[in-house]
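Enquirer: Dropping in coords_27.cif, with mmCIF, C-alpha atoms.
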data_upload
#
loop_
_atom_site.label_atom_id
_atom_site.label_comp_id
_atom_site.auth_asym_id
_atom_site.auth_seq_id
_atom_site.Cartn_x
_atom_site.Cartn_y
_atom_site.Cartn_z
CA MET A 8 13.72 21.24 25.13
CA ALA A 9 12.63 24.71 26.18
CA ALA A 10 15.17 26.28 23.82
CA ALA A 11 13.87 24.22 20.91
CA ASP A 12 10.29 25.24 21.70
CA ALA A 13 11.34 28.89 21.81
CA ALA A 14 13.13 28.61 18.46
CA ALA A 15 10.08 27.00 16.92
CA GLY A 16 7.89 29.77 18.29
CA THR A 17 10.02 32.49 16.68
CA GLN A 18 10.10 30.79 13.24
CA ARG A 19 8.21 32.80 10.65
CA PRO A 20 5.07 31.18 9.26
CA GLU A 21 5.20 29.98 5.66
CA PRO A 22 3.68 32.62 3.36
CA ASN A 23 0.81 31.87 0.99
CA HIS A 24 2.89 31.23 -2.11
CA GLY A 25 -0.13 30.47 -4.27
CA LEU A 26 -1.69 33.86 -3.55
CA ARG A 27 1.61 35.60 -4.18
CA ILE A 28 2.06 33.92 -7.56
CA PHE A 29 -1.52 34.72 -8.51
CA LEU A 30 -1.11 38.42 -7.66
CA ILE A 31 2.07 38.55 -9.74
CA TRP A 32 0.55 36.65 -12.66
CA LEU A 33 -2.80 38.49 -12.91
CA PRO A 34 -1.58 41.97 -13.95
CA ILE A 35 1.01 40.48 -16.31
CA ALA A 36 -1.65 38.38 -18.03
CA LEU A 37 -4.07 41.31 -18.31
CA VAL A 38 -1.45 43.65 -19.77
CA ALA A 39 -0.28 40.96 -22.21
CA ASP A 40 -3.82 40.29 -23.45
CA LEU A 41 -4.59 44.00 -23.88
CA LEU A 42 -1.38 44.56 -25.83
CA ILE A 43 -2.03 41.53 -28.04
CA TRP A 44 -5.63 42.47 -28.83
CA PHE A 45 -5.33 46.22 -29.32
CA VAL A 46 -1.69 46.85 -30.29
CA TRP A 47 -0.25 43.74 -31.91
CA GLY A 48 -3.45 42.13 -33.18
CA PRO A 49 -4.30 44.58 -36.00
CA HIS A 50 -0.84 43.99 -37.51
CA LEU A 51 -0.84 40.20 -37.41
CA PRO A 52 -0.54 38.34 -40.72
CA PRO A 53 -2.13 37.84 -43.15
CA GLY A 54 -3.74 41.24 -42.54
CA ASP A 55 -7.27 42.28 -43.45
CA MET A 56 -7.18 42.73 -47.24
CA SER A 57 -9.96 40.17 -47.70
CA SER A 58 -12.70 38.48 -45.72
CA SER A 59 -10.70 35.27 -45.37
CA ALA A 60 -7.55 37.13 -44.32
CA ALA A 61 -9.44 39.15 -41.70
CA SER A 62 -11.02 35.94 -40.40
CA GLN A 63 -7.61 34.30 -40.01
CA GLN A 64 -6.20 37.39 -38.30
CA PHE A 65 -9.12 37.28 -35.84
CA ASP A 66 -8.47 33.59 -35.17
CA ILE A 67 -4.81 34.24 -34.42
CA ARG A 68 -5.71 37.11 -32.09
CA VAL A 69 -8.14 34.95 -30.13
CA MET A 70 -5.67 32.08 -29.80
CA ALA A 71 -2.88 34.44 -28.78
CA VAL A 72 -5.08 36.02 -26.12
CA MET A 73 -5.89 32.57 -24.75
CA ALA A 74 -2.27 31.43 -24.82
CA ALA A 75 -0.70 34.54 -23.28
CA PRO A 76 -2.02 33.97 -19.71
CA VAL A 77 -0.74 30.39 -19.78
CA MET A 78 2.71 31.53 -20.85
CA ALA A 79 2.61 34.36 -18.29
CA PHE A 80 1.81 31.86 -15.54
CA VAL A 81 4.69 29.57 -16.50
CA LEU A 82 7.13 32.47 -16.57
CA SER A 83 5.79 33.99 -13.32
CA TYR A 84 5.96 30.68 -11.50
CA GLY A 85 9.46 30.00 -12.79
CA ALA A 86 10.74 33.43 -11.77
CA TYR A 87 9.10 33.16 -8.35
CA ALA A 88 10.62 29.72 -7.77
CA LEU A 89 14.10 30.92 -8.75
CA ILE A 90 13.93 33.89 -6.40
CA VAL A 91 12.01 32.60 -3.38
CA TRP A 92 13.05 28.96 -3.32
CA ARG A 93 16.66 29.39 -4.40
CA HIS A 94 19.40 27.77 -2.36
CA ARG A 95 20.83 29.99 0.37
CA GLU A 96 24.09 29.71 2.26
CA ASP A 97 23.96 28.03 5.67
CA ASP A 98 20.54 26.62 4.78
CA ASP A 99 20.81 22.89 4.23
CA GLU A 100 17.38 22.12 5.64
CA ASP A 101 15.06 20.27 3.31
CA GLY A 102 11.51 21.51 2.90
CA PRO A 103 8.48 19.59 4.08
CA PRO A 104 7.57 16.53 2.01
CA ILE A 105 4.87 17.02 -0.62
CA HIS A 106 2.19 14.35 -0.78
CA GLY A 107 0.01 15.98 -3.43
CA ASN A 108 -2.62 18.68 -3.37
CA THR A 109 -6.07 17.77 -4.57
CA ARG A 110 -7.17 21.38 -5.00
CA ILE A 111 -4.18 22.30 -7.15
CA ALA A 112 -4.52 19.16 -9.28
CA ALA A 113 -8.26 19.69 -9.80
CA THR A 114 -7.73 23.35 -10.69
CA TRP A 115 -5.00 22.52 -13.17
CA ILE A 116 -7.03 19.78 -14.87
CA GLY A 117 -10.16 21.95 -14.93
CA VAL A 118 -8.52 25.07 -16.35
CA THR A 119 -6.51 23.25 -19.03
CA SER A 120 -9.56 21.20 -20.05
CA VAL A 121 -11.63 24.36 -20.46
CA ILE A 122 -8.90 25.96 -22.59
CA VAL A 123 -8.46 22.93 -24.85
CA LEU A 124 -12.20 22.30 -25.31
CA SER A 125 -12.86 26.00 -25.94
CA LEU A 126 -10.19 26.07 -28.63
CA ALA A 127 -11.64 22.92 -30.19
CA VAL A 128 -15.12 24.44 -30.38
CA PHE A 129 -13.79 27.80 -31.60
CA GLY A 130 -11.62 26.19 -34.27
CA THR A 131 -14.46 24.00 -35.52
CA VAL A 132 -16.85 26.93 -35.81
CA GLU A 133 -14.26 29.03 -37.63
CA LEU A 134 -13.44 26.24 -40.08
CA VAL A 135 -17.08 25.53 -40.86
CA GLY A 136 -18.06 29.22 -40.94
CA PRO A 137 -17.79 31.50 -43.96
CA ALA A 138 -14.33 31.17 -45.50
CA GLY A 139 -12.84 30.66 -42.09
CA ALA A 140 -10.22 28.24 -43.31
CA GLY A 141 -9.29 30.32 -46.33
CA ALA A 142 -8.38 27.06 -48.02
CA GLY A 143 -9.75 24.85 -50.74
CA GLU A 144 -13.00 23.03 -50.00
CA GLY A 145 -12.68 20.45 -52.73
CA ASN A 146 -15.06 20.30 -55.69
CA THR A 147 -18.15 20.17 -53.47
CA PRO A 148 -17.83 23.08 -51.00
CA ILE A 149 -20.01 22.92 -47.90
CA TRP A 150 -20.36 26.69 -47.77
CA THR A 151 -20.89 29.27 -50.50
CA PRO A 152 -21.01 33.04 -50.01
CA SER A 153 -24.29 34.85 -50.49
CA GLY A 154 -24.99 38.18 -52.08
CA GLY A 155 -24.39 39.01 -55.72
CA THR A 156 -22.83 37.08 -58.57
CA LEU A 157 -19.57 35.32 -57.83
CA LEU A 158 -16.54 36.31 -59.87
CA GLN A 159 -15.08 33.08 -61.24
CA VAL A 160 -11.29 32.92 -61.44
CA GLN A 161 -9.62 29.70 -62.47
CA VAL A 162 -6.13 29.18 -61.08
CA ILE A 163 -4.08 26.88 -63.33
CA ALA A 164 -0.82 25.66 -61.83
CA GLN A 165 1.99 24.22 -63.92
CA GLN A 166 5.72 23.84 -63.59
CA TRP A 167 6.57 26.51 -62.67
CA ARG A 168 3.94 29.20 -63.01
CA PHE A 169 0.39 30.17 -62.12
CA THR A 170 -1.94 31.42 -64.83
CA TYR A 171 -5.46 32.74 -64.31
CA ARG A 172 -8.46 32.23 -66.53
CA TYR A 173 -11.61 34.38 -66.46
CA PRO A 174 -14.50 32.37 -67.92
CA GLN A 175 -17.05 35.18 -67.47
CA PHE A 176 -15.01 37.42 -69.77
CA GLY A 177 -14.53 35.27 -72.82
CA GLY A 178 -12.28 32.77 -71.08
CA PHE A 179 -9.03 34.66 -71.60
CA GLU A 180 -6.00 33.50 -69.62
CA THR A 181 -3.25 35.66 -68.20
CA THR A 182 -0.37 35.57 -65.77
CA SER A 183 -1.83 38.54 -63.88
CA LEU A 184 -4.23 37.97 -60.99
CA ILE A 185 -6.48 41.03 -60.93
CA LEU A 186 -9.50 41.19 -58.61
CA PRO A 187 -12.12 43.87 -57.93
CA VAL A 188 -12.61 45.17 -54.41
CA GLY A 189 -15.88 44.37 -52.65
CA GLN A 190 -16.93 41.38 -54.76
CA ASN A 191 -17.07 37.73 -53.75
CA VAL A 192 -14.57 35.61 -55.66
CA GLN A 193 -14.61 31.87 -56.31
CA PHE A 194 -11.22 30.38 -57.11
CA ASN A 195 -11.29 27.14 -59.07
CA VAL A 196 -7.82 25.70 -58.55
CA THR A 197 -6.35 22.89 -60.63
CA SER A 198 -3.01 21.70 -62.03
CA LEU A 199 -1.71 20.63 -65.41
CA ASP A 200 1.11 18.40 -64.17
CA VAL A 201 2.17 17.73 -60.57
CA ILE A 202 0.75 18.76 -57.20
CA HIS A 203 1.10 22.48 -56.45
CA SER A 204 -0.50 24.76 -53.87
CA PHE A 205 -2.00 28.17 -54.63
CA TRP A 206 -1.20 30.58 -51.79
CA ALA A 207 -2.39 34.17 -52.17
CA ILE A 208 -0.75 35.46 -49.01
CA GLN A 209 -2.44 38.81 -48.41
CA LEU A 210 -5.84 37.34 -49.33
CA GLY A 211 -5.51 34.54 -46.79
CA VAL A 212 -6.32 31.96 -49.48
CA LYS A 213 -4.49 28.68 -49.79
CA ALA A 214 -5.72 25.76 -51.87
CA ASP A 215 -4.04 22.63 -53.20
CA ALA A 216 -3.71 22.41 -56.98
CA ASN A 217 -4.02 18.77 -57.98
CA PRO A 218 -4.15 17.47 -61.56
CA GLY A 219 -7.63 16.36 -62.53
CA VAL A 220 -9.21 18.01 -59.48
CA ASN A 221 -11.10 21.30 -59.08
CA ASP A 222 -10.40 22.75 -55.62
CA VAL A 223 -12.75 25.60 -54.69
CA ALA A 224 -11.85 28.50 -52.40
CA TYR A 225 -13.74 31.71 -51.64
CA THR A 226 -12.77 35.18 -50.55
CA LYS A 227 -14.01 38.77 -50.76
CA PRO A 228 -11.34 41.45 -51.28
CA GLU A 229 -12.12 44.35 -48.96
CA HIS A 230 -9.13 46.63 -49.59
CA THR A 231 -7.12 47.50 -52.68
CA GLY A 232 -3.43 46.65 -52.79
CA ASN A 233 -0.83 44.20 -54.02
CA VAL A 234 -1.02 40.44 -53.55
CA GLU A 235 1.89 38.02 -53.53
CA VAL A 236 1.16 34.53 -54.83
CA ARG A 237 3.44 31.60 -54.10
CA CYS A 238 3.40 27.86 -54.53
CA ALA A 239 3.27 26.25 -51.10
CA GLU A 240 3.89 22.66 -52.19
CA LEU A 241 7.28 21.34 -53.27
CA CYS A 242 6.72 20.80 -56.99
CA GLY A 243 10.12 20.41 -58.55
CA LEU A 244 13.40 22.14 -59.30
CA TRP A 245 12.10 25.72 -59.62
CA HIS A 246 9.46 25.54 -56.90
CA ALA A 247 10.97 28.49 -55.00
CA ASP A 248 10.60 30.70 -58.08
CA MET A 249 6.96 29.81 -58.70
CA THR A 250 5.61 33.19 -57.72
CA THR A 251 3.34 35.73 -59.35
CA ALA A 252 2.01 39.14 -58.37
CA GLY A 253 -1.60 40.17 -58.14
CA GLN A 254 -3.63 43.27 -57.43
CA VAL A 255 -6.94 44.18 -55.87
CA VAL A 256 -8.22 47.20 -57.78
CA SER A 257 -11.35 49.31 -57.95
CA VAL A 258 -14.38 47.93 -59.78
CA SER A 259 -13.98 50.46 -62.60
CA ALA A 260 -10.29 49.57 -63.05
CA PHE A 261 -11.15 45.88 -63.07
CA ASN A 262 -13.86 46.33 -65.70
CA ALA A 263 -11.46 48.32 -67.88
CA TRP A 264 -8.77 45.66 -67.48
CA THR A 265 -11.05 42.74 -68.36
CA ALA A 266 -12.39 44.59 -71.40
CA SER A 267 -8.92 45.36 -72.76
CA SER A 268 -7.58 41.88 -71.89
CA GLU A 269 -10.44 40.14 -73.65
CA VAL A 270 -9.67 42.10 -76.84
CA GLN A 271 -5.88 41.97 -76.73
CA LEU A 272 -5.72 38.26 -75.88
CA ALA A 273 -8.47 37.17 -78.29
CA ALA A 274 -6.03 35.55 -80.71
CA LEU A 275 -4.54 33.43 -77.92
CA THR A 276 -7.87 32.69 -76.29
CA LYS A 277 -9.31 31.03 -79.39
CA ASN A 278 -6.37 28.59 -79.37
CA LEU A 279 -6.84 27.63 -75.73
CA PRO A 280 -8.67 24.44 -74.76
CA PRO A 281 -12.39 25.02 -74.13
CA TYR A 282 -12.93 26.25 -70.59
CA SER A 283 -13.22 23.35 -68.16
CA LEU A 284 -12.76 22.91 -64.43
CA THR A 285 -9.93 20.46 -65.18
CA TYR A 286 -7.80 19.78 -68.24
CA ASP A 287 -6.24 16.71 -69.80
CA PRO A 288 -2.47 17.14 -69.32
CA ASN A 289 -1.74 15.25 -72.56
CA SER A 290 -3.81 17.55 -74.74
CA VAL A 291 -2.44 20.57 -72.92
CA ALA A 292 1.10 19.35 -73.58
CA GLN A 293 0.33 19.14 -77.28
CA LEU A 294 -1.07 22.66 -77.17
CA GLY A 295 2.03 23.87 -75.34
CA LYS A 296 4.26 22.40 -78.06
CA ALA A 297 2.20 24.14 -80.71
CA PHE A 298 2.49 27.44 -78.86
CA GLN A 299 6.21 26.92 -78.46
CA GLN A 300 6.66 26.27 -82.15
CA ALA A 301 4.70 29.45 -82.81
CA GLY A 302 6.96 31.40 -80.45
CA LEU A 303 4.20 32.00 -77.91
CA THR A 304 5.67 30.15 -74.94
CA GLY A 305 7.75 32.08 -72.44
CA ALA A 306 10.53 30.82 -70.22
CA GLY A 307 9.33 28.23 -67.76
CA GLY A 308 6.76 26.65 -70.04
CA GLY A 309 3.01 27.16 -69.88
CA TYR A 310 0.59 28.40 -72.47
CA TYR A 311 2.41 31.66 -73.04
CA GLY A 312 4.88 34.00 -71.43
CA PRO A 313 4.32 36.92 -69.09
CA GLN A 314 4.73 39.32 -72.00
CA TYR A 315 1.12 38.52 -72.88
CA ALA A 316 -0.27 39.63 -69.53
CA VAL A 317 -2.31 42.82 -69.81
CA GLN A 318 -1.83 45.16 -66.84
CA PRO A 319 -4.72 47.19 -65.45
#
I'd like the structure from this file rewritten - as structure tokens, please.
Expert:
Amino acid sequence: MAAADAAAGTQRPEPNHGLRIFLIWLPIALVADLLIWFVWGPHLPPGDMSSSAASQQFDIRVMAVMAAPVMAFVLSYGAYALIVWRHREDDDEDGPPIHGNTRIAATWIGVTSVIVLSLAVFGTVELVGPAGAGAGEGNTPIWTPSGGTLLQVQVIAQQWRFTYRYPQFGGFETTSLILPVGQNVQFNVTSLDVIHSFWAIQLGVKADANPGVNDVAYTKPEHTGNVEVRCAELCGLWHADMTTAGQVVSVSAFNAWTASSEVQLAALTKNLPPYSLTYDPNSVAQLGKAFQQAGLTGAGGGYYGPQYAVQP
């Protein structure tokens, strides 16, 4: 009995594992958040070419900063458990039974609830706020940008091409998406046949293109550069090839481009249907046949081929 008491007296006390894990986790979480915000964050997609793209990049940075400490804790706890509580030779003794820990449970529930509710509030504010979603708002948008006249650009999707109509410049239509820097843009997105999705990647704009529906999306280009446009909705055999290129250019270059396009495409423009937010697919099909018979339809269908696009 005395020997057992002596052995018990020499046994080392159990360390404070919770404090140890916390001290390991804290610097890792801080370093991870600093790297995400200042180093990785400015390079996250979709970039900052437009107001909507910059807003989405900010959203991703915030969510990554909130998620990194959680991931760091899981990894720190797992590594600590593997090292400290690993099985050792000549140690077959089972640890003390665990009957629950109210403080740990309450902390876990409290912290995770705060994270989830904070993300819910943040996401709601960003979606409702100016162009936060970067997506179509239907034909009755709940938010419109302020300041200056909106540049109207109609996005017309069809198998398997996007064309762009500029109603403020005579209503000409082209396969080139050209936008001026520093001006608010309203995209009016529709389709002539099946469901498509207009995705201007670098602009952070994505809006469904449904036949008979005008889907509105807003953005403000803030830097010049190239824009890649893709269809983000499976729309048929050549869906993967439904891509076009766009550019954000200076205001002077844009004005010169619209002026030359309006003149050079005048003969085609007068044969187009009158500008409307949506078009009757049947009448458009008849127009397409007429254009085809006249040799004005390029490969892939549509009003006319890319050879009629006027570059800035």
Enquirer: Nearest to Phe176 (chain A): which of A:Thr197, A:Thr109, A:Thr265, A:Thr151 is it, counting only C-alpha atoms?
Expert: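 Nearest candidate to Phe176 (chain A) out of A:Thr197, A:Thr109, A:Thr265, A:Thr151: A:Thr265.
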Enquirer: Decode the PyMOL selection byres ((chain A and resi 24-40) around 6) for the given file into explicit residues and return them as a list of chain:residue names.
Expert: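 Evaluating the PyMOL selection byres ((chain A and resi 24-40) around 6) on this file yields A:Pro22, A:Asn23, A:Leu41, A:Leu42, A:Ile43, A:Val72, A:Pro76, A:Ala79, A:Phe80, A:Ser83.
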Enquirer: Which residue is closest to Gly155 (chain A)? Choose from A:Met56, A:Trp115, A:Trp264, A:Asn191 and count all atoms listed in the file.
Expert: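 Nearest to Gly155 (chain A): A:Asn191.
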Enquirer: Expressed in Å to a single decimal, how great is the separation between CA of Pro288 (chain A) and CA of Ala239 (chain A)?
Expert: 21.2 Å
Enquirer: Using the chain letters and numbers from the file, give me the residues hit by the PyMOL selection byres ((chain A and resi 116-125) around 12), as a VMD selection string.
Expert: chain A and resid 69 to 70 72 to 77 109 to 115 126 to 132
Enquirer: Starting from the displayed file, determine the output of the PyMOL selection byres ((chain A and resi 254) around 10) and express the residue list as a PDB file with C-alpha atoms, in the frame of the given file.
Expert:
ATOM      1  CA  SER A 183      -1.830  38.540 -63.880  1.00  0.00           C
ATOM      2  CA  LEU A 184      -4.230  37.970 -60.990  1.00  0.00           C
ATOM      3  CA  ILE A 185      -6.480  41.030 -60.930  1.00  0.00           C
ATOM      4  CA  LEU A 186      -9.500  41.190 -58.610  1.00  0.00           C
ATOM      5  CA  PRO A 187     -12.120  43.870 -57.930  1.00  0.00           C
ATOM      6  CA  VAL A 188     -12.610  45.170 -54.410  1.00  0.00           C
ATOM      7  CA  THR A 231      -7.120  47.500 -52.680  1.00  0.00           C
ATOM      8  CA  GLY A 232      -3.430  46.650 -52.790  1.00  0.00           C
ATOM      9  CA  ASN A 233      -0.830  44.200 -54.020  1.00  0.00           C
ATOM     10  CA  VAL A 234      -1.020  40.440 -53.550  1.00  0.00           C
ATOM     11  CA  GLU A 235       1.890  38.020 -53.530  1.00  0.00           C
ATOM     12  CA  ALA A 252       2.010  39.140 -58.370  1.00  0.00           C
ATOM     13  CA  GLY A 253      -1.600  40.170 -58.140  1.00  0.00           C
ATOM     14  CA  VAL A 255      -6.940  44.180 -55.870  1.00  0.00           C
ATOM     15  CA  VAL A 256      -8.220  47.200 -57.780  1.00  0.00           C
ATOM     16  CA  SER A 257     -11.350  49.310 -57.950  1.00  0.00           C
ATOM     17  CA  PHE A 261     -11.150  45.880 -63.070  1.00  0.00           C
ATOM     18  CA  GLN A 318      -1.830  45.160 -66.840  1.00  0.00           C
ATOM     19  CA  PRO A 319      -4.720  47.190 -65.450  1.00  0.00           C
TER      20      PRO A 319
END
Enquirer: Measure the distance from CA of Gly219 (chain A) to CA of Thr285 (chain A) in Å and round it to one decimal.
Expert: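 Answer for the CA of Gly219 (chain A) to CA of Thr285 (chain A) separation: 5.4 Å.
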